[in-house]
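Asks: Structure: target12.tsv, TSV, C-alpha atoms.
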```
chain	number	residue	atom	x	y	z
V	1	MET	CA	-110.16	64.83	-105.49
V	2	HIS	CA	-109.86	61.02	-105.62
V	3	TYR	CA	-106.56	59.32	-104.94
V	4	ARG	CA	-106.43	57.99	-108.52
V	5	SER	CA	-107.08	61.46	-109.98
V	6	LYS	CA	-104.36	62.96	-107.79
V	7	LEU	CA	-101.90	60.33	-108.98
V	8	PHE	CA	-102.95	60.85	-112.58
V	9	TRP	CA	-102.35	64.63	-112.41
V	10	LEU	CA	-99.04	64.06	-110.62
V	11	TYR	CA	-98.05	61.74	-113.46
V	12	ILE	CA	-99.06	64.34	-116.09
V	13	ALA	CA	-97.11	67.08	-114.27
V	14	ILE	CA	-93.95	64.93	-113.99
V	15	THR	CA	-94.16	63.79	-117.62
V	16	VAL	CA	-94.68	67.34	-118.95
V	17	ALA	CA	-91.79	68.62	-116.80
V	18	TYR	CA	-89.54	65.82	-118.04
V	19	VAL	CA	-90.43	66.33	-121.70
V	20	THR	CA	-89.82	70.09	-121.27
V	21	THR	CA	-86.22	69.37	-120.27
V	22	PHE	CA	-85.68	67.96	-123.77
V	23	LEU	CA	-86.62	71.31	-125.32
V	24	MET	CA	-83.80	72.98	-123.43
V	25	PRO	CA	-80.28	73.22	-124.92
V	26	ARG	CA	-78.03	70.16	-124.62
V	27	THR	CA	-80.14	68.20	-122.23
V	28	ILE	CA	-78.37	64.97	-123.13
V	29	SER	CA	-74.65	64.95	-122.62
V	30	ASN	CA	-74.45	61.19	-122.13
V	31	LEU	CA	-73.76	60.53	-125.80
V	32	PRO	CA	-70.96	62.94	-126.67
V	33	SER	CA	-70.13	61.12	-129.93
V	34	LEU	CA	-73.51	62.11	-131.45
V	35	PRO	CA	-74.50	65.49	-132.88
V	36	ASP	CA	-77.08	67.49	-130.86
V	37	GLY	CA	-80.03	66.65	-133.16
V	38	GLN	CA	-79.41	62.91	-132.93
V	39	GLN	CA	-78.94	63.16	-129.17
V	40	ARG	CA	-82.40	64.71	-128.88
V	41	LEU	CA	-83.83	61.98	-131.11
V	42	VAL	CA	-82.31	59.27	-128.91
V	43	GLY	CA	-83.68	61.08	-125.87
V	44	LEU	CA	-87.20	61.23	-127.28
V	45	ALA	CA	-87.06	57.57	-128.30
V	46	VAL	CA	-86.41	56.79	-124.63
V	47	VAL	CA	-88.81	59.38	-123.16
V	48	ILE	CA	-91.91	57.85	-124.75
V	49	PRO	CA	-91.42	54.31	-123.36
V	50	LEU	CA	-90.28	55.87	-120.07
V	51	ALA	CA	-93.54	57.84	-119.83
V	52	ILE	CA	-95.46	54.61	-120.54
V	53	ILE	CA	-93.57	52.79	-117.77
V	54	TRP	CA	-94.25	55.60	-115.28
V	55	PHE	CA	-97.91	55.43	-116.23
V	56	LEU	CA	-97.97	51.66	-115.69
V	57	ALA	CA	-96.16	52.03	-112.36
V	58	PHE	CA	-98.62	54.69	-111.12
V	59	TYR	CA	-101.59	52.75	-112.49
V	60	GLY	CA	-100.43	49.50	-110.84
V	61	SER	CA	-99.98	51.08	-107.42
V	62	ALA	CA	-103.25	53.07	-107.73
V	63	THR	CA	-105.19	49.89	-108.61
V	64	LEU	CA	-103.67	48.08	-105.65
V	65	HIS	CA	-104.48	51.06	-103.43
V	66	SER	CA	-108.15	51.05	-104.45
V	67	TYR	CA	-108.27	47.28	-103.81
V	68	ALA	CA	-106.74	47.88	-100.36
V	69	LYS	CA	-109.47	50.45	-99.64
V	70	LYS	CA	-112.17	47.93	-100.51
V	71	ILE	CA	-110.83	45.36	-98.02
V	72	HIS	CA	-109.48	47.78	-95.39
V	73	ASP	CA	-111.38	46.12	-92.52
V	74	SER	CA	-110.25	42.58	-93.36
V	75	GLU	CA	-107.21	40.72	-92.02
V	76	ASP	CA	-105.11	41.23	-95.16
V	77	GLY	CA	-106.39	44.77	-95.91
V	78	LYS	CA	-103.69	46.48	-93.85
V	79	GLN	CA	-100.93	44.47	-95.54
V	80	VAL	CA	-102.27	45.24	-99.02
V	81	ALA	CA	-102.33	48.95	-98.09
V	82	PHE	CA	-98.66	48.74	-97.05
V	83	LEU	CA	-97.88	46.94	-100.33
V	84	ALA	CA	-99.63	49.65	-102.37
V	85	THR	CA	-97.79	52.43	-100.49
V	86	GLY	CA	-94.45	50.69	-101.01
V	87	LEU	CA	-95.09	50.23	-104.72
V	88	LEU	CA	-96.11	53.88	-105.06
V	89	ILE	CA	-92.87	55.02	-103.40
V	90	VAL	CA	-90.83	52.77	-105.74
V	91	ALA	CA	-92.87	54.09	-108.70
V	92	LEU	CA	-92.29	57.73	-107.64
V	93	GLY	CA	-88.55	57.07	-107.57
V	94	LEU	CA	-88.54	56.31	-111.30
V	95	PRO	CA	-89.49	59.77	-112.67
V	96	ILE	CA	-87.72	61.60	-109.84
V	97	GLY	CA	-84.45	59.81	-110.70
V	98	SER	CA	-84.89	60.61	-114.41
V	99	MET	CA	-85.72	64.25	-113.60
V	100	GLY	CA	-82.53	64.47	-111.53
V	101	THR	CA	-80.48	63.22	-114.49
V	102	ALA	CA	-82.18	65.68	-116.86
V	103	ILE	CA	-81.66	68.63	-114.49
V	104	GLY	CA	-78.02	67.61	-113.99
V	105	ASN	CA	-77.53	67.59	-117.78
V	106	ILE	CA	-79.09	71.05	-118.18
V	107	VAL	CA	-77.04	72.55	-115.36
V	108	SER	CA	-73.82	70.98	-116.71
V	109	THR	CA	-73.95	73.35	-119.71
V	110	HIS	CA	-73.63	76.35	-117.35
V	111	ASN	CA	-71.90	75.11	-114.21
V	112	GLN	CA	-70.01	71.82	-114.06
V	113	GLU	CA	-69.54	71.89	-110.27
V	114	ALA	CA	-73.24	72.46	-109.58
V	115	ALA	CA	-74.05	69.66	-112.04
V	116	ILE	CA	-71.82	67.27	-110.08
V	117	VAL	CA	-73.61	68.19	-106.83
V	118	ILE	CA	-76.97	67.61	-108.53
V	119	ARG	CA	-75.81	64.21	-109.82
V	120	ILE	CA	-74.61	63.18	-106.35
V	121	VAL	CA	-77.93	64.25	-104.80
V	122	ARG	CA	-79.77	62.47	-107.63
V	123	ASN	CA	-77.84	59.24	-106.91
V	124	TYR	CA	-78.86	59.37	-103.22
V	125	VAL	CA	-82.48	60.27	-103.95
V	126	SER	CA	-82.69	57.45	-106.51
V	127	MET	CA	-81.37	55.07	-103.87
V	128	LEU	CA	-83.72	56.30	-101.10
V	129	PHE	CA	-87.02	55.79	-102.96
V	130	PRO	CA	-86.61	52.04	-103.62
V	131	LEU	CA	-85.08	51.61	-100.14
V	132	VAL	CA	-88.11	53.09	-98.35
V	133	GLY	CA	-90.54	51.53	-100.84
V	134	PHE	CA	-89.17	48.03	-100.37
V	135	LEU	CA	-89.21	48.42	-96.58
V	136	PHE	CA	-92.98	48.98	-96.84
V	137	ILE	CA	-93.34	46.07	-99.28
V	138	ASN	CA	-91.27	43.82	-97.01
V	139	HIS	CA	-93.42	44.75	-94.02
V	140	ALA	CA	-96.53	43.87	-96.02
V	141	ALA	CA	-95.05	40.61	-97.27
V	142	TYR	CA	-94.09	39.56	-93.74
V	143	GLY	CA	-97.65	40.27	-92.57
V	144	LEU	CA	-99.15	38.29	-95.46
V	145	SER	CA	-96.92	35.28	-94.84
V	146	ARG	CA	-97.99	35.39	-91.19
V	147	ILE	CA	-101.65	35.35	-92.25
V	148	ALA	CA	-100.97	32.35	-94.51
V	149	ARG	CA	-99.09	30.79	-91.55
V	150	HIS	CA	-96.25	29.76	-93.82
V	151	ARG	CA	-92.68	30.64	-92.99
V	152	PRO	CA	-89.94	30.31	-95.63
V	153	ARG	CA	-88.71	26.74	-96.08
V	154	TYR	CA	-85.10	26.04	-95.09
V	155	ARG	CA	-84.04	25.03	-98.63
V	156	ASP	CA	-85.72	28.08	-100.20
V	157	SER	CA	-84.08	30.42	-97.66
V	158	GLN	CA	-80.66	28.97	-98.51
V	159	MET	CA	-81.35	29.40	-102.24
V	160	LEU	CA	-82.47	32.99	-101.71
V	161	ILE	CA	-79.33	33.82	-99.75
V	162	ALA	CA	-77.14	32.12	-102.41
V	163	VAL	CA	-78.78	34.14	-105.22
V	164	TYR	CA	-78.44	37.33	-103.19
V	165	VAL	CA	-74.75	36.72	-102.42
V	166	ILE	CA	-73.94	36.08	-106.10
V	167	VAL	CA	-75.89	39.13	-107.31
V	168	SER	CA	-74.49	41.47	-104.65
V	169	THR	CA	-70.87	40.29	-104.95
V	170	ALA	CA	-70.99	40.73	-108.73
V	171	TYR	CA	-72.50	44.20	-108.26
V	172	CYS	CA	-69.75	45.27	-105.82
V	173	TYR	CA	-67.15	44.07	-108.31
V	174	ALA	CA	-68.91	45.84	-111.22
V	175	ALA	CA	-69.27	49.10	-109.27
V	176	LEU	CA	-65.65	49.17	-108.08
V	177	SER	CA	-64.08	48.01	-111.35
V	178	SER	CA	-66.07	50.46	-113.47
V	179	PRO	CA	-63.50	52.42	-115.53
V	180	ASN	CA	-65.34	55.71	-114.96
V	181	ILE	CA	-66.31	55.28	-111.33
V	182	GLU	CA	-65.55	58.96	-110.60
V	183	THR	CA	-67.67	60.35	-113.45
V	184	ILE	CA	-70.64	58.09	-112.63
V	185	TYR	CA	-70.77	58.48	-108.84
V	186	HIS	CA	-68.44	61.44	-108.11
V	187	LEU	CA	-67.48	59.72	-104.84
V	188	PRO	CA	-64.32	58.02	-103.51
V	189	PRO	CA	-64.67	54.20	-103.53
V	190	TRP	CA	-64.98	53.85	-99.72
V	191	LEU	CA	-67.79	56.43	-99.55
V	192	LEU	CA	-69.48	54.88	-102.57
V	193	MET	CA	-69.44	51.44	-100.94
V	194	LEU	CA	-70.64	52.71	-97.58
V	195	THR	CA	-73.36	55.15	-98.62
V	196	LEU	CA	-74.65	53.89	-101.99
V	197	VAL	CA	-73.69	50.27	-102.63
V	198	ALA	CA	-74.49	49.03	-99.11
V	199	PRO	CA	-78.01	50.61	-99.04
V	200	TYR	CA	-78.70	49.17	-102.52
V	201	LEU	CA	-77.65	45.70	-101.33
V	202	PHE	CA	-79.96	46.06	-98.33
V	203	THR	CA	-82.79	47.22	-100.63
V	204	TRP	CA	-82.30	44.21	-102.90
V	205	TYR	CA	-82.29	41.75	-100.02
V	206	THR	CA	-85.44	43.36	-98.62
V	207	GLY	CA	-87.04	43.24	-102.07
V	208	LEU	CA	-86.04	39.64	-102.82
V	209	LEU	CA	-87.28	38.48	-99.43
V	210	ALA	CA	-90.56	40.38	-99.91
V	211	ALA	CA	-91.09	38.90	-103.39
V	212	TYR	CA	-90.46	35.42	-101.98
V	213	GLU	CA	-92.84	35.91	-99.03
V	214	VAL	CA	-95.63	37.27	-101.25
V	215	ARG	CA	-95.06	34.27	-103.55
V	216	LEU	CA	-95.35	32.03	-100.49
V	217	TYR	CA	-98.65	33.71	-99.58
V	218	ALA	CA	-99.88	33.36	-103.17
V	219	LYS	CA	-99.05	29.65	-103.20
V	220	ASN	CA	-100.66	28.84	-99.88
V	221	VAL	CA	-103.67	31.10	-99.51
V	222	ALA	CA	-107.09	29.48	-99.96
V	223	GLY	CA	-109.30	30.05	-103.01
V	224	LYS	CA	-108.42	28.97	-106.57
V	225	LEU	CA	-109.30	32.33	-108.19
V	226	TYR	CA	-107.92	34.39	-105.31
V	227	ARG	CA	-104.67	32.42	-105.49
V	228	GLN	CA	-104.39	32.96	-109.28
V	229	SER	CA	-104.68	36.75	-108.82
V	230	TRP	CA	-102.06	36.78	-106.06
V	231	ASN	CA	-99.78	34.60	-108.21
V	232	ILE	CA	-99.85	37.23	-110.97
V	233	LEU	CA	-99.22	40.00	-108.42
V	234	SER	CA	-96.32	38.13	-106.81
V	235	LEU	CA	-94.69	37.53	-110.20
V	236	GLY	CA	-95.01	41.26	-110.86
V	237	LEU	CA	-93.31	42.06	-107.59
V	238	ALA	CA	-90.45	39.66	-108.40
V	239	ALA	CA	-90.08	41.32	-111.81
V	240	ILE	CA	-89.94	44.80	-110.22
V	241	VAL	CA	-87.17	43.70	-107.85
V	242	THR	CA	-85.27	42.10	-110.76
V	243	ALA	CA	-85.69	45.28	-112.86
V	244	GLN	CA	-84.37	47.42	-109.97
V	245	ILE	CA	-81.28	45.20	-109.76
V	246	LEU	CA	-80.78	45.29	-113.55
V	247	LEU	CA	-81.14	49.07	-113.51
V	248	GLN	CA	-78.35	49.48	-110.96
V	249	TYR	CA	-76.14	47.04	-112.85
V	250	SER	CA	-76.72	49.11	-115.99
V	251	VAL	CA	-75.57	52.27	-114.14
V	252	THR	CA	-72.21	50.63	-113.41
V	253	PHE	CA	-71.94	49.77	-117.13
V	254	THR	CA	-72.94	53.29	-118.26
V	255	VAL	CA	-69.69	53.94	-120.12
V	256	ARG	CA	-69.79	50.59	-121.90
V	257	ILE	CA	-73.48	51.08	-122.81
V	258	GLN	CA	-72.78	54.58	-124.16
V	259	SER	CA	-70.02	53.24	-126.40
V	260	LEU	CA	-72.38	50.73	-128.07
V	261	GLN	CA	-73.52	51.23	-131.66
V	262	MET	CA	-76.90	52.98	-132.01
V	263	VAL	CA	-78.92	49.78	-132.67
V	264	ARG	CA	-77.29	47.90	-129.79
V	265	LEU	CA	-77.72	50.93	-127.55
V	266	PHE	CA	-81.46	51.03	-128.31
V	267	VAL	CA	-81.83	47.26	-127.84
V	268	THR	CA	-80.07	47.50	-124.44
V	269	ILE	CA	-82.20	50.46	-123.32
V	270	TYR	CA	-85.46	48.88	-124.52
V	271	VAL	CA	-84.66	45.53	-122.85
V	272	LEU	CA	-84.15	47.43	-119.59
V	273	LEU	CA	-87.35	49.40	-120.03
V	274	ALA	CA	-89.30	46.26	-120.96
V	275	ALA	CA	-88.01	44.47	-117.85
V	276	MET	CA	-89.26	47.38	-115.74
V	277	SER	CA	-92.67	47.54	-117.39
V	278	VAL	CA	-93.38	43.78	-117.14
V	279	GLY	CA	-93.44	43.96	-113.35
V	280	TYR	CA	-95.87	46.86	-113.16
V	281	VAL	CA	-98.14	45.34	-115.83
V	282	LEU	CA	-98.34	42.11	-113.80
V	283	VAL	CA	-98.98	44.02	-110.54
V	284	ALA	CA	-101.75	46.02	-112.23
V	285	ALA	CA	-103.27	42.84	-113.75
V	286	GLY	CA	-103.20	40.98	-110.42
V	287	ALA	CA	-104.59	43.95	-108.48
V	288	LYS	CA	-107.35	44.46	-111.07
V	289	ARG	CA	-108.45	40.82	-110.75
V	290	LEU	CA	-108.44	41.03	-106.94
V	291	LYS	CA	-110.44	44.26	-107.08
V	292	LYS	CA	-112.95	42.68	-109.44
V	293	ILE	CA	-113.61	39.91	-106.89
V	294	GLU	CA	-114.68	42.65	-104.46
V	295	GLU	CA	-116.90	44.38	-107.02
V	296	VAL	CA	-119.11	41.68	-108.58
N	1	MET	CA	-122.54	21.34	-81.88
N	2	PRO	CA	-124.42	24.33	-83.40
N	3	HIS	CA	-125.77	23.88	-86.93
N	4	LYS	CA	-124.17	25.80	-89.74
N	5	THR	CA	-126.42	28.44	-91.25
N	6	VAL	CA	-127.14	28.36	-94.99
N	7	PHE	CA	-124.95	31.45	-95.36
N	8	ASP	CA	-122.06	29.64	-93.65
N	9	GLN	CA	-122.50	26.62	-95.91
N	10	VAL	CA	-122.49	28.77	-99.05
N	11	SER	CA	-119.46	30.70	-97.76
N	12	THR	CA	-117.58	27.48	-96.96
N	13	ILE	CA	-117.96	26.28	-100.55
N	14	THR	CA	-117.11	29.73	-101.95
N	15	TYR	CA	-113.98	29.85	-99.75
N	16	ASP	CA	-112.42	27.13	-101.93
N	17	TYR	CA	-112.64	29.49	-104.91
N	18	LEU	CA	-112.31	33.00	-103.50
N	19	GLY	CA	-110.39	32.38	-100.28
N	20	PRO	CA	-110.54	35.26	-97.78
N	21	ALA	CA	-112.84	37.19	-100.16
N	22	ALA	CA	-115.56	34.50	-99.94
N	23	ASN	CA	-117.57	35.92	-97.03
N	24	ARG	CA	-117.65	39.41	-98.54
N	25	PHE	CA	-118.59	37.98	-101.95
N	26	VAL	CA	-121.52	35.92	-100.63
N	27	SER	CA	-122.71	38.80	-98.40
N	28	ARG	CA	-122.76	41.12	-101.43
N	29	GLN	CA	-124.77	38.65	-103.53
N	30	VAL	CA	-127.29	38.08	-100.74
N	31	SER	CA	-127.79	41.74	-99.82
N	32	GLY	CA	-127.44	43.11	-103.36
N	33	HIS	CA	-129.67	40.68	-105.24
N	34	LEU	CA	-131.92	39.07	-102.63
N	35	HIS	CA	-132.14	42.24	-100.47
N	36	LYS	CA	-131.67	40.22	-97.31
N	37	LYS	CA	-129.22	40.18	-94.48
N	38	PRO	CA	-126.75	37.26	-94.77
N	39	GLU	CA	-128.10	35.62	-91.58
N	40	GLU	CA	-131.63	35.70	-93.05
N	41	LEU	CA	-130.63	33.48	-95.98
N	42	THR	CA	-132.76	30.32	-96.18
N	43	ARG	CA	-132.61	27.17	-98.26
N	44	ALA	CA	-135.59	28.49	-100.28
N	45	ASP	CA	-133.39	31.41	-101.45
N	46	LEU	CA	-130.74	29.09	-102.87
N	47	PRO	CA	-132.09	28.69	-106.47
N	48	GLY	CA	-132.12	32.46	-107.03
N	49	LEU	CA	-128.83	32.99	-105.22
N	50	ILE	CA	-127.08	30.25	-107.22
N	51	ASP	CA	-128.15	31.92	-110.48
N	52	TRP	CA	-126.59	35.19	-109.34
N	53	MET	CA	-123.47	33.41	-108.11
N	54	ARG	CA	-123.06	31.65	-111.49
N	55	LEU	CA	-123.35	35.01	-113.23
N	56	ALA	CA	-120.89	36.71	-110.84
N	57	MET	CA	-118.36	33.89	-111.21
N	58	GLY	CA	-118.62	34.28	-114.98
N	59	PHE	CA	-117.28	37.83	-114.56
N	60	LEU	CA	-114.30	36.55	-112.59
N	61	THR	CA	-113.13	33.64	-114.72
N	62	ASP	CA	-113.44	32.13	-118.18
N	63	ASP	CA	-112.86	28.65	-116.74
N	64	GLN	CA	-116.25	27.02	-117.40
N	65	MET	CA	-115.22	23.77	-115.70
N	66	LEU	CA	-114.52	25.66	-112.50
N	67	ILE	CA	-117.85	27.52	-112.67
N	68	ARG	CA	-119.76	24.27	-113.30
N	69	GLU	CA	-117.98	22.60	-110.37
N	70	TYR	CA	-118.78	25.56	-108.11
N	71	VAL	CA	-122.44	25.65	-109.12
N	72	ALA	CA	-122.78	21.87	-108.74
N	73	ARG	CA	-121.45	22.11	-105.18
N	74	LEU	CA	-123.90	24.91	-104.40
N	75	GLU	CA	-126.76	22.92	-105.99
N	76	SER	CA	-125.96	20.04	-103.65
N	77	LEU	CA	-126.89	22.30	-100.73
N	78	LYS	CA	-130.46	22.51	-102.01
N	79	ALA	CA	-130.91	18.77	-101.55
N	80	GLU	CA	-129.41	18.71	-98.06
N	81	ARG	CA	-131.56	18.57	-94.96
N	82	PRO	CA	-131.24	21.64	-92.74
N	83	GLY	CA	-128.09	21.43	-90.62
N	84	LYS	CA	-126.67	18.44	-92.49
N	85	GLN	CA	-123.08	18.88	-93.65
N	86	SER	CA	-121.29	17.17	-96.52
N	87	GLY	CA	-118.31	14.93	-95.71
N	88	LYS	CA	-115.86	17.44	-97.18
N	89	GLU	CA	-117.22	20.32	-95.10
N	90	ARG	CA	-117.10	18.21	-91.92
N	91	ALA	CA	-113.45	17.40	-92.67
```
Spit out the file's structure as structure tokens when you get a sec.

Replies:
Amino acid sequence: MHYRSKLFWLYIAITVAYVTTFLMPRTISNLPSLPDGQQRLVGLAVVIPLAIIWFLAFYGSATLHSYAKKIHDSEDGKQVAFLATGLLIVALGLPIGSMGTAIGNIVSTHNQEAAIVIRIVRNYVSMLFPLVGFLFINHAAYGLSRIARHRPRYRDSQMLIAVYVIVSTAYCYAALSSPNIETIYHLPPWLLMLTLVAPYLFTWYTGLLAAYEVRLYAKNVAGKLYRQSWNILSLGLAAIVTAQILLQYSVTFTVRIQSLQMVRLFVTIYVLLAAMSVGYVLVAAGAKRLKKIEEV
Amino acid sequence: MPHKTVFDQVSTITYDYLGPAANRFVSRQVSGHLHKKPEELTRADLPGLIDWMRLAMGFLTDDQMLIREYVARLESLKAERPGKQSGKERA
């Protein structure tokens, strides 16, 4: 079976499994103020765009993977393969994290303690996928910037560090000052900082640096059309990193988001989902253009 | 200094548009459409090859200006004496 077919069937299996969780009793306990029927409706209104995003994420990484296969013996082939693997790992983390939440909600109706354990495990698994994925992406980006023989400029490095410090400090504050820190993470603050917040901050730095280095490659590599395709891909990568950061910020604001009115709640959720999908659409578009160059 | 082959000259021009993919792109056009090995490419093959290159570029971009510029640069190779390089290529 081809790699793309395997990914497609994996996507179908995950989506069917996730949708099935909504047929089970009280799968959504995040909106206690709503009756069960409306909770399911809210869930389904989120499941459909989520399934689309997962598809885009799998499609983007599969397209990049098939491009990497076409250029595997070239100088940048190995780096593109690393990039595709990293993106696939990040993409896999999306449905696995959502499945963890759904399973935790189902179990909570029967056994609260088991549900807490599942949520803690889910939090760590959700953190590990982007962490490993962005390590691959960072490795690829470093290799690409070496090929382009362009190292980050001093001013850009300083800017990157400044942005990172602001984003990470604000996140630490948001995570620690969250009114329901115990119900979200089920961990004491020191353990939360050490084992969840710190790895996320490392992931973000790795991701931001990777997005910058791929952008550097895209700006400096030869070939007008080749450069255009890499520009699209690098923008996609930056959008994925931004969406990952936004997603974690939203987790710290879970209680505030849940207390929003229905319309505002939907707008907030859809903005988040849109931010996630933009990155994968751009990656898929860039990878498709690069692949086309190798096919005509 | 050894003379550049026709394949090298075509690849050098293509590099400005397709970057690291240029060599692979030109090799595919030569072997796929002219049924020759890249090193067997001669100046006499250029008219046919340029037609295929124009067509292939049309699949990659809608920018007609860019395609015209690319084709014009390739056409200039037809007029060159064997081994002669343009000023830009020498630079």

Asks: So how many Å separate atom CA of Leu272 of chain V and atom CA of Leu7 of chain V, to one decimal?

Replies: 24.4 Å

Asks: List every protein, DNA or RNA residue with an atom no more than 12 Å from (-97.2, 43.7, -118.5) in the file's coordinates, counting only C-alpha atoms, and format the result as JSON, numbers by chain.

Replies: {"V": [52, 53, 55, 56, 57, 59, 60, 232, 233, 235, 236, 237, 239, 240, 273, 274, 275, 276, 277, 278, 279, 280, 281, 282, 283, 284, 285, 286]}

Asks: Could you name the residues that touch Pro20 of chain N at 9 Å or less, counting all atoms listed in the file, but leaving out those on the same chain fewer than 6 positions away, as a tab-separated table (two decimals) with C-alpha atoms, in the frame of the given file?

Replies:
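So selection.tsv came out as:
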```
chain	number	residue	atom	x	y	z
V	74	SER	CA	-110.25	42.58	-93.36
V	75	GLU	CA	-107.21	40.72	-92.02
V	76	ASP	CA	-105.11	41.23	-95.16
V	221	VAL	CA	-103.67	31.10	-99.51
V	222	ALA	CA	-107.09	29.48	-99.96
V	223	GLY	CA	-109.30	30.05	-103.01
V	226	TYR	CA	-107.92	34.39	-105.31
```

Asks: List as a list in words the residues having at least one atom at most 9 Å from position (-118.9, 27.7, -107.3) as given in the file, counting all atoms listed in the file.

Replies: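 So the residues meeting the distance criterion are Ile13, Thr14, Asp16, Tyr17, Ile50, Met53, Arg54, Met57, Leu66, Ile67, Arg68, Glu69, Tyr70, Val71, Ala72, Arg73 and Leu74 of chain N.
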
Asks: Only residues of chain N matter here; which ones have an atom within 7 Å of chain V, counting only C-alpha atoms? Give them as a PDB file with C-alpha atoms, in the frame of the given file.

Replies:
```
ATOM      1  CA  TYR N  15    -113.980  29.850 -99.750  1.00  0.00           C
ATOM      2  CA  ASP N  16    -112.420  27.130-101.930  1.00  0.00           C
ATOM      3  CA  TYR N  17    -112.640  29.490-104.910  1.00  0.00           C
ATOM      4  CA  LEU N  18    -112.310  33.000-103.500  1.00  0.00           C
ATOM      5  CA  GLY N  19    -110.390  32.380-100.280  1.00  0.00           C
ATOM      6  CA  PHE N  25    -118.590  37.980-101.950  1.00  0.00           C
ATOM      7  CA  ALA N  56    -120.890  36.710-110.840  1.00  0.00           C
ATOM      8  CA  LEU N  60    -114.300  36.550-112.590  1.00  0.00           C
TER       9      LEU N  60
END
```

Asks: Excluding segment 116-129 of chain V and its own-chain neighbours fewer than 5 positions away, which residues fall within 9 Å of it when counting only C-alpha atoms? Please give them as a list in words.

Replies: Ile89, Val90, Ala91, Leu92, Gly93, Leu94, Ile96, Gly97, Ser98, Met99, Gly100, Thr101, Ile103, Gly104, Asn105, Val107, Ser108, Asn111, Phe134, Thr183, Ile184, Tyr185, His186, Leu187, Thr195, Leu196, Pro199, Tyr200 and Thr203 of chain V

Asks: One number please: atom CA of Thr85 of chain V to atom CA of Ala162 of chain V, in Å, one decimal.

Replies: 29.0 Å

Asks: Could you work out how far atom CA of Lys219 of chain V lies from atom CA of Asn231 of chain V, giving the answer in Å with one decimal?

Replies: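 About the pair atom CA of Asn231 of chain V and atom CA of Lys219 of chain V: they are 7.1 Å apart.
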
Asks: Go through V:Asn220, V:Thr63, V:Thr15, V:Ser168 one by one, measure the shortest atom-to-atom distance of each to Tyr3 of chain V using all atoms listed in the file, and give the residue with the smallest value.

Replies: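 Checking each of V:Asn220, V:Thr63, V:Thr15, V:Ser168 against Tyr3 of chain V, counting all atoms listed in the file, the winner is V:Thr63.
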
Asks: Measuring atom to atom with only C-alpha atoms, identify which of V:Lys70, V:Ala102, V:Val42, V:Ile181 is nearest to Arg24 of chain N.

Replies: V:Lys70

Asks: Can you pull out the residues contacting His2 of chain V? Cut-off 12 Å, using only C-alpha atoms, and skip same-chain residues under 3 positions away; I want them as a VMD selection string.

Replies: chain V and resid 5 to 9 62 65 to 66

Asks: First collect every listed atom of segment 67-84 of chain V; then fit an axis-aligned box around them, widen it by 8 Å on each side, and give centre and edge lengths in Å to one decimal, as AutoDock Vina command-line options.

Replies:
```
--center_x -105.0 --center_y 45.6 --center_z -97.9 --size_x 30.3 --size_y 25.7 --size_z 27.8
```

Asks: Give me segment 10-20 of chain N from this structure - N, CA and C atoms, as a CSV table (one decimal), in the first residue's frame.

Replies:
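The result, written out as decode.csv:
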```csv
chain,number,residue,atom,x,y,z
N,10,VAL,N,21.8,25.5,-20.9
N,10,VAL,CA,20.4,25.5,-20.7
N,10,VAL,C,20.1,25.4,-19.2
N,11,SER,N,20.8,24.6,-18.5
N,11,SER,CA,20.6,24.4,-17.1
N,11,SER,C,20.9,25.7,-16.3
N,12,THR,N,22.0,26.4,-16.8
N,12,THR,CA,22.4,27.6,-16.1
N,12,THR,C,21.3,28.7,-16.2
N,13,ILE,N,20.6,28.7,-17.4
N,13,ILE,CA,19.5,29.7,-17.5
N,13,ILE,C,18.4,29.3,-16.7
N,14,THR,N,18.1,28.0,-16.7
N,14,THR,CA,16.9,27.4,-16.0
N,14,THR,C,17.1,27.6,-14.5
N,15,TYR,N,18.3,27.5,-14.0
N,15,TYR,CA,18.6,27.7,-12.6
N,15,TYR,C,18.0,29.0,-12.0
N,16,ASP,N,18.0,30.0,-12.9
N,16,ASP,CA,17.5,31.3,-12.4
N,16,ASP,C,16.0,31.2,-12.1
N,17,TYR,N,15.3,30.2,-12.6
N,17,TYR,CA,13.9,30.1,-12.5
N,17,TYR,C,13.5,29.0,-11.6
N,18,LEU,N,14.2,27.9,-11.7
N,18,LEU,CA,13.8,26.7,-10.9
N,18,LEU,C,14.9,26.3,-9.8
N,19,GLY,N,15.9,27.1,-9.7
N,19,GLY,CA,16.9,26.9,-8.6
N,19,GLY,C,17.4,25.4,-8.6
N,20,PRO,N,17.5,24.8,-7.5
N,20,PRO,CA,18.1,23.4,-7.4
N,20,PRO,C,17.4,22.4,-8.3
```
